$ cat final_35.cif   # mmCIF, C-alpha atoms
data_upload
loop_
_atom_site.label_atom_id
_atom_site.label_comp_id
_atom_site.auth_asym_id
_atom_site.auth_seq_id
_atom_site.Cartn_x
_atom_site.Cartn_y
_atom_site.Cartn_z
CA LEU B 19 24.84 44.41 2.28
CA ILE B 20 21.84 44.42 -0.04
CA THR B 21 21.67 41.21 -2.05
CA TRP B 22 19.47 40.09 -4.94
CA HIS B 23 17.77 37.75 -2.49
CA THR B 24 16.93 40.66 -0.17
CA THR B 25 15.71 42.83 -3.03
CA LYS B 26 13.55 40.04 -4.50
CA MET B 27 11.95 39.31 -1.14
CA ALA B 28 11.24 43.02 -0.57
CA ILE B 29 9.51 43.21 -3.97
CA LEU B 30 7.48 40.07 -3.19
CA ARG B 31 6.38 41.40 0.20
CA LEU B 32 5.26 44.70 -1.30
CA SER B 33 3.44 42.98 -4.18
CA ILE B 34 1.63 40.48 -1.97
CA ALA B 35 0.81 43.13 0.64
CA ALA B 36 -0.65 45.37 -2.06
CA ALA B 37 -2.66 42.50 -3.53
CA LEU B 38 -4.06 41.40 -0.17
CA THR B 39 -4.87 44.99 0.85
CA SER B 40 -6.75 45.53 -2.38
CA LEU B 41 -8.42 42.13 -1.95
CA ALA B 42 -9.94 43.37 1.30
CA ARG B 43 -11.20 46.43 -0.56
CA GLY B 44 -12.79 44.30 -3.27
CA SER B 45 -10.36 44.87 -6.14
CA VAL B 46 -6.77 44.00 -6.90
CA PRO B 47 -4.47 46.05 -9.15
CA ARG B 48 -2.65 44.30 -11.94
CA VAL B 49 0.96 43.86 -10.80
CA ARG B 50 3.74 42.94 -13.22
CA PHE B 51 7.28 41.75 -12.62
CA ALA B 52 10.09 42.64 -14.97
CA SER B 53 10.56 38.92 -15.54
CA ARG B 54 7.24 37.14 -15.95
CA ARG B 55 8.63 33.63 -16.40
CA CYS B 56 8.35 31.58 -13.21
CA MET B 57 11.42 29.54 -12.27
CA SER B 58 11.38 26.35 -10.25
CA PRO B 59 13.96 25.90 -7.47
CA ARG B 60 15.87 23.42 -9.66
CA ARG B 61 16.04 25.81 -12.64
CA ALA B 62 16.95 28.81 -10.48
CA LEU B 63 19.75 26.86 -8.80
CA SER B 64 21.39 26.25 -12.16
CA ILE B 65 21.54 30.00 -12.66
CA GLY B 66 22.99 30.64 -9.18
CA GLY B 67 22.57 33.28 -6.50
CA TYR B 68 18.93 32.39 -5.81
CA ASP B 69 19.13 29.12 -3.92
CA SER B 70 18.30 30.28 -0.39
CA PHE B 71 15.04 31.94 -1.50
CA LEU B 72 13.89 28.96 -3.53
CA GLY B 73 14.57 26.29 -0.94
CA ASN B 74 17.16 23.99 -2.49
CA LYS B 75 17.18 21.79 0.63
CA ALA B 76 13.75 20.50 -0.27
CA LEU B 77 15.12 19.19 -3.55
CA HIS B 78 18.09 17.40 -1.92
CA LEU B 79 20.54 18.97 -4.35
CA ARG B 80 24.19 19.18 -3.34
CA GLY B 81 25.19 22.12 -5.52
CA GLY B 82 23.97 24.50 -8.19
CA ASN B 83 26.10 22.89 -10.90
CA GLN B 84 25.23 19.29 -10.09
CA GLU B 85 23.49 17.52 -12.95
CA PRO B 86 20.14 15.91 -11.98
CA THR B 87 19.60 12.24 -12.74
CA THR B 88 18.44 11.10 -16.15
CA GLU B 89 15.11 10.01 -14.69
CA ALA B 90 14.57 13.41 -13.05
CA THR B 91 15.10 15.24 -16.34
CA ARG B 92 13.36 12.76 -18.60
CA TYR B 93 10.91 15.33 -19.97
CA LEU B 94 12.72 18.55 -19.07
CA THR B 95 14.26 20.72 -21.76
CA THR B 96 15.18 24.38 -22.00
CA THR B 97 15.61 23.96 -25.75
CA THR B 98 12.70 25.19 -27.82
CA LYS B 99 10.91 22.37 -29.64
CA ALA B 100 8.11 22.33 -32.17
CA SER B 101 5.03 20.13 -32.27
CA PRO B 102 3.75 18.59 -35.53
CA SER B 103 1.43 21.60 -35.82
CA GLY B 104 4.42 23.94 -35.63
CA THR B 105 3.73 25.23 -32.11
CA GLU B 106 6.99 25.98 -30.30
CA TYR B 107 7.37 25.02 -26.63
CA VAL B 108 9.72 24.11 -23.79
CA THR B 109 9.11 21.71 -20.88
CA LEU B 110 10.20 23.07 -17.50
CA ALA B 111 8.62 20.62 -15.04
CA ASN B 112 8.16 16.86 -14.73
CA PRO B 113 4.79 15.26 -14.02
CA ALA B 114 4.52 13.56 -10.64
CA PRO B 115 5.07 9.76 -10.71
CA GLY B 116 1.99 7.64 -11.31
CA SER B 117 -1.18 9.56 -12.11
CA PRO B 118 -0.73 13.32 -11.59
CA PHE B 119 -3.74 15.09 -10.10
CA HIS B 120 -5.52 17.86 -12.01
CA LEU B 121 -7.27 20.75 -10.26
CA ALA B 122 -8.90 23.82 -11.82
CA LEU B 123 -9.52 26.80 -9.57
CA PRO B 124 -11.08 30.23 -10.17
CA VAL B 125 -9.05 33.41 -9.73
CA HIS B 126 -9.98 37.06 -10.11
CA ASP B 127 -6.70 38.24 -11.68
CA LEU B 128 -4.21 36.15 -13.67
CA GLU B 129 -1.27 38.54 -13.19
CA VAL B 130 -1.69 38.45 -9.41
CA ALA B 131 -2.07 34.66 -9.57
CA LYS B 132 1.20 34.50 -11.54
CA ILE B 133 3.02 36.35 -8.74
CA PHE B 134 1.61 34.05 -6.07
CA TYR B 135 1.82 30.62 -7.71
CA GLY B 136 4.87 31.32 -9.84
CA ASN B 137 7.05 33.48 -7.62
CA VAL B 138 5.88 32.87 -4.05
CA LEU B 139 5.18 29.12 -4.29
CA GLY B 140 7.79 28.57 -7.03
CA CYS B 141 5.51 26.61 -9.39
CA GLU B 142 6.68 26.24 -12.98
CA GLU B 143 4.22 27.70 -15.49
CA GLY B 144 3.09 25.52 -18.37
CA ARG B 145 0.51 26.30 -21.03
CA SER B 146 -1.46 29.53 -20.77
CA SER B 147 -3.87 31.77 -22.60
CA GLU B 148 -5.46 35.14 -21.86
CA LYS B 149 -8.04 33.35 -19.69
CA TRP B 150 -6.12 30.60 -17.85
CA GLN B 151 -2.68 29.40 -16.71
CA ASP B 152 -1.24 25.93 -16.03
CA TYR B 153 1.19 25.38 -13.15
CA SER B 154 3.11 22.41 -11.80
CA LEU B 155 2.51 22.01 -8.06
CA HIS B 156 5.05 19.30 -7.18
CA GLY B 157 4.32 17.69 -10.54
CA HIS B 158 0.53 17.97 -10.23
CA GLN B 159 -1.41 20.14 -12.66
CA ILE B 160 -3.26 23.12 -11.26
CA VAL B 161 -5.00 25.53 -13.61
CA CYS B 162 -5.94 29.08 -12.67
CA HIS B 163 -9.04 30.17 -14.60
CA TRP B 164 -10.04 33.81 -14.69
CA ALA B 165 -13.56 33.93 -13.20
CA GLY B 166 -14.19 37.67 -13.20
CA ASN B 167 -12.78 40.53 -11.18
CA ASP B 168 -15.33 40.07 -8.40
CA TYR B 169 -14.55 36.42 -7.65
CA ARG B 170 -13.63 35.57 -4.06
CA CYS B 171 -13.70 32.09 -2.53
CA LYS B 172 -16.62 31.57 -0.15
CA ASP B 173 -15.39 30.00 3.06
CA TYR B 174 -16.95 27.38 5.31
CA PHE B 175 -15.25 26.11 8.44
CA ASN B 176 -14.95 22.76 10.16
CA PRO B 177 -13.14 22.03 13.47
CA VAL B 178 -10.14 19.68 13.22
CA ASP B 179 -7.91 18.98 16.23
CA GLY B 180 -8.78 22.32 17.83
CA ASP B 181 -8.44 24.45 14.68
CA GLU B 182 -11.17 26.00 12.53
CA ILE B 183 -10.28 24.62 9.11
CA PRO B 184 -11.43 26.52 5.99
CA VAL B 185 -13.12 24.49 3.27
CA PRO B 186 -12.79 24.04 0.40
CA HIS B 187 -9.00 23.81 0.35
CA PHE B 188 -6.27 21.98 -1.55
CA GLY B 189 -2.52 21.44 -1.37
CA VAL B 190 0.20 18.81 -1.27
CA ALA B 191 1.59 16.27 1.20
CA MET B 192 5.30 17.07 1.46
CA THR B 193 8.28 15.66 3.29
CA GLU B 194 8.94 17.24 6.69
CA GLU B 195 12.03 19.00 5.33
CA GLU B 196 10.10 20.41 2.36
CA PHE B 197 7.33 21.54 4.71
CA HIS B 198 9.63 23.61 6.92
CA VAL B 199 11.45 25.10 3.91
CA MET B 200 8.10 26.15 2.44
CA ALA B 201 6.87 27.54 5.79
CA ASP B 202 9.99 29.72 6.03
CA ARG B 203 9.55 30.81 2.42
CA LEU B 204 5.94 31.88 3.00
CA LYS B 205 6.92 33.80 6.14
CA GLU B 206 9.67 35.60 4.20
CA ALA B 207 7.12 36.57 1.54
CA GLY B 208 4.82 38.02 4.21
CA ILE B 209 2.00 35.52 3.65
CA LYS B 210 -0.58 35.56 6.46
CA PHE B 211 -1.46 32.11 7.81
CA ILE B 212 -5.04 31.10 8.58
CA VAL B 213 -3.61 28.21 10.62
CA GLU B 214 0.03 28.67 11.62
CA PRO B 215 2.51 25.87 10.84
CA HIS B 216 2.29 23.35 13.68
CA LEU B 217 2.15 19.64 14.51
CA ARG B 218 -1.32 18.14 14.95
CA PHE B 219 -2.69 14.72 15.92
CA LYS B 220 0.39 14.29 18.11
CA GLY B 221 1.17 10.68 18.94
CA GLN B 222 -1.57 9.36 16.64
CA PRO B 223 -1.10 7.40 13.40
CA GLY B 224 -2.08 10.55 11.50
CA GLU B 225 0.46 12.83 13.18
CA GLN B 226 1.35 15.57 10.71
CA TRP B 227 2.69 19.07 10.23
CA THR B 228 0.14 21.41 8.69
CA MET B 229 -0.38 25.04 7.67
CA PHE B 230 -3.21 26.90 5.96
CA PHE B 231 -3.09 30.13 3.96
CA LYS B 232 -4.90 31.86 1.09
CA ASP B 233 -4.01 32.87 -2.42
CA PRO B 234 -4.89 36.47 -3.46
CA SER B 235 -8.31 35.34 -4.74
CA GLY B 236 -9.18 33.88 -1.34
CA ASN B 237 -8.69 30.22 -2.33
CA ASN B 238 -7.51 28.17 0.65
CA LEU B 239 -4.37 26.03 0.54
CA GLU B 240 -3.08 23.45 3.00
CA PHE B 241 0.45 22.12 2.86
CA LYS B 242 1.10 19.19 5.16
CA ALA B 243 3.80 16.65 6.02
CA MET B 244 3.08 13.31 7.65
CA THR B 245 5.66 12.34 10.26
CA THR B 246 5.15 8.80 8.95
CA ILE B 247 4.31 9.06 5.26
CA GLU B 248 3.12 5.44 5.13
CA ASN B 249 0.22 6.52 7.38
CA LEU B 250 -1.20 9.06 4.93
CA PHE B 251 -4.24 6.80 4.40
CA ALA B 252 -4.27 5.07 7.80
CA LYS B 253 -7.87 4.14 8.61
CA TYR B 254 -9.05 4.76 12.18
CA ASN B 255 -11.63 6.87 14.02
CA VAL B 256 -10.38 10.31 15.04
CA VAL B 257 -11.92 11.86 18.15
CA ASP B 258 -11.89 15.68 17.94
#
$ encode --input "final_35.cif" --output "C-alpha cells"
Amino acid sequence: LITWHTTKMAILRLSIAAALTSLARGSVPRVRFASRRCMSPRRALSIGGYDSFLGNKALHLRGGNQEPTTEATRYLTTTTKASPSGTEYVTLANPAPGSPFHLALPVHDLEVAKIFYGNVLGCEEGRSSEKWQDYSLHGHQIVCHWAGNDYRCKDYFNPVDGDEIPVPHFGVAMTEEEFHVMADRLKEAGIKFIVEPHLRFKGQPGEQWTMFFKDPSGNNLEFKAMTTIENLFAKYNVVD
C-alpha cells in the first residue's frame, strides 16, 4: 500500500540525492516542491496523516487533535495579522525559552536550503527575502544567506573521542527521545552521516549521543543528546 508518507519520503530522497550529487559536481539544480511552506511537526499533526514522518514522539503529543497548552501557543497563530505598517504575517513557531540563539550561515541555493531545513529537518520558516530565509531550529533563529552559487563550507577536522569531527559545525542539544526520532528521520530521508549516531564519552559526566551530517551547501551540523542534561556544562578535563 502506497501512502502519502511513503510518497513524501521517496520525493525527499530523490531531491536530496540529486542535490548532493550535483554538490559533488560543483553545482546544484534548483528544486521546487509543489508546497513550499514548511510545516513543523506540531502543525502537521493537526492536519493528520503525517505524524510518523515528522516525529510526533519528540513533541510528547498524545494525539493529532489535542490542543497544546496556552503557554506553548502563546505567540502561535495561523490567522493572518497586520503590523502597524500594514505588513501581513503569521507566526508558526515559538522562540526558545530565555534568550534564543541567532546564527547566520551561508548557502549556495535558497531553494535547496528550503528543502533541507524546512522539509528534512522540519524547521518552520519565518521571514524571508530573495537573498535570505529565517528558520526556527527548536526555537532558535537560524538564517540562511545566499552567498553565491560557488559557496561550499571549508572543512577542518579535530579528533574527539576517536572520531574526526568537522569544524565549524552547529546544532542543538536535544532530549534522548528527540535525538533518536531525528536520527531515524534523517536515515529515512537518505542523509549521509559524517559521524553515525552513537554514544560517546561513555561513563563520563559528558556522556552523550551525537551525530554529524551536512546540509547541501556543505555546512556541518551536530545534533546531540546528553544522557544527563544537567551535565551539559560539566567542567572537567577530557582525555582523548
$ closest_atom_pairs --input "final_35.cif" --of "range 135-164 of chain B" --to "range 203-226 of chain B" --cutoff "10 Å" --atoms "all atoms listed in the file" --output "tab-separated table"
residue	atom	partner	partner_atom	distance
B:Asn137	CA	B:Ala207	CA	9.7
B:Val138	CA	B:Ala207	CA	6.8
B:Leu139	CA	B:Leu204	CA	7.8
B:Gly140	CA	B:Arg203	CA	9.9
$ residues_around --input "final_35.cif" --residues "Leu128 in chain B" --least-positions-apart "2" --cutoff "10 Å" --atoms "all atoms listed in the file" --output "list in words"
Arg48, Val49, Pro124, Val125, His126, Val130, Ala131, Lys132, Ile133, Phe134, Ser147, Glu148, Lys149, Trp150, Gln151, Cys162, His163, Trp164, Ala165, Asn167 and Ser235 of chain B
$ write_last_selection --input "final_35.cif" --atoms "C-alpha atoms" --output "compact mmCIF listing (two decimals), in the coordinates of the input"
# COMPACT_ATOMS: atom_id res chain seq x y z
CA ARG B 48 -2.65 44.30 -11.94
CA VAL B 49 0.96 43.86 -10.80
CA PRO B 124 -11.08 30.23 -10.17
CA VAL B 125 -9.05 33.41 -9.73
CA HIS B 126 -9.98 37.06 -10.11
CA VAL B 130 -1.69 38.45 -9.41
CA ALA B 131 -2.07 34.66 -9.57
CA LYS B 132 1.20 34.50 -11.54
CA ILE B 133 3.02 36.35 -8.74
CA PHE B 134 1.61 34.05 -6.07
CA SER B 147 -3.87 31.77 -22.60
CA GLU B 148 -5.46 35.14 -21.86
CA LYS B 149 -8.04 33.35 -19.69
CA TRP B 150 -6.12 30.60 -17.85
CA GLN B 151 -2.68 29.40 -16.71
CA CYS B 162 -5.94 29.08 -12.67
CA HIS B 163 -9.04 30.17 -14.60
CA TRP B 164 -10.04 33.81 -14.69
CA ALA B 165 -13.56 33.93 -13.20
CA ASN B 167 -12.78 40.53 -11.18
CA SER B 235 -8.31 35.34 -4.74
$ atom_distance --input "final_35.cif" --atom1 "CA of Glu142 in chain B" --atom2 "CA of Ala243 in chain B"
21.5 Å
$ resolve_selection --input "final_35.cif" --expression "the PyMOL selection byres ((chain B and resi 238) around 10)" --output "list in words"
Cys171, Lys172, Asp173, Ile183, Pro184, Val185, Pro186, His187, Phe188, Gly189, Ile212, Phe230, Phe231, Lys232, Asp233, Pro234, Ser235, Gly236, Asn237, Leu239 and Glu240 of chain B
$ atom_distance --input "final_35.cif" --atom1 "CA of Tyr169 in chain B" --atom2 "CA of Ala191 in chain B"
27.3 Å
$ closest_residue --input "final_35.cif" --among "B:Gln159, B:Asp258, B:Thr246, B:Phe197" --to "Ser117 in chain B" --atoms "all atoms listed in the file"
B:Gln159
$ atom_distance --input "final_35.cif" --atom1 "CA of Leu155 in chain B" --atom2 "CA of Tyr135 in chain B"
8.6 Å
$ residues_near_point --input "final_35.cif" --point "(6.3, 15.4, 2.8)" --cutoff "9 Å" --atoms "all atoms listed in the file" --output "ChimeraX atom specification"
/B:190-197,241-245,247
$ closest_residue --input "final_35.cif" --among "B:Val257, B:Thr98, B:His198, B:Ser146" --to "Val178 in chain B" --atoms "all atoms listed in the file"
B:Val257
$ closest_residue --input "final_35.cif" --among "B:Pro115, B:Pro102, B:Gly136, B:Gly180" --to "Ser154 in chain B" --atoms "all atoms listed in the file"
B:Gly136
$ closest_residue --input "final_35.cif" --among "B:Gly104, B:Thr228, B:Ala111, B:Ala252" --to "Asp179 in chain B" --atoms "all atoms listed in the file"
B:Thr228
$ residues_near_point --input "final_35.cif" --point "(-1.3, 13.3, -13.6)" --cutoff "12 Å" --atoms "only C-alpha atoms" --output "PDB file with C-alpha atoms, keeping the file's coordinate frame"
ATOM      1  CA  ASN B 112       8.160  16.860 -14.730  1.00  0.00           C
ATOM      2  CA  PRO B 113       4.790  15.260 -14.020  1.00  0.00           C
ATOM      3  CA  ALA B 114       4.520  13.560 -10.640  1.00  0.00           C
ATOM      4  CA  PRO B 115       5.070   9.760 -10.710  1.00  0.00           C
ATOM      5  CA  GLY B 116       1.990   7.640 -11.310  1.00  0.00           C
ATOM      6  CA  SER B 117      -1.180   9.560 -12.110  1.00  0.00           C
ATOM      7  CA  PRO B 118      -0.730  13.320 -11.590  1.00  0.00           C
ATOM      8  CA  PHE B 119      -3.740  15.090 -10.100  1.00  0.00           C
ATOM      9  CA  HIS B 120      -5.520  17.860 -12.010  1.00  0.00           C
ATOM     10  CA  LEU B 121      -7.270  20.750 -10.260  1.00  0.00           C
ATOM     11  CA  SER B 154       3.110  22.410 -11.800  1.00  0.00           C
ATOM     12  CA  LEU B 155       2.510  22.010  -8.060  1.00  0.00           C
ATOM     13  CA  HIS B 156       5.050  19.300  -7.180  1.00  0.00           C
ATOM     14  CA  GLY B 157       4.320  17.690 -10.540  1.00  0.00           C
ATOM     15  CA  HIS B 158       0.530  17.970 -10.230  1.00  0.00           C
ATOM     16  CA  GLN B 159      -1.410  20.140 -12.660  1.00  0.00           C
ATOM     17  CA  ILE B 160      -3.260  23.120 -11.260  1.00  0.00           C
TER      18      ILE B 160
END
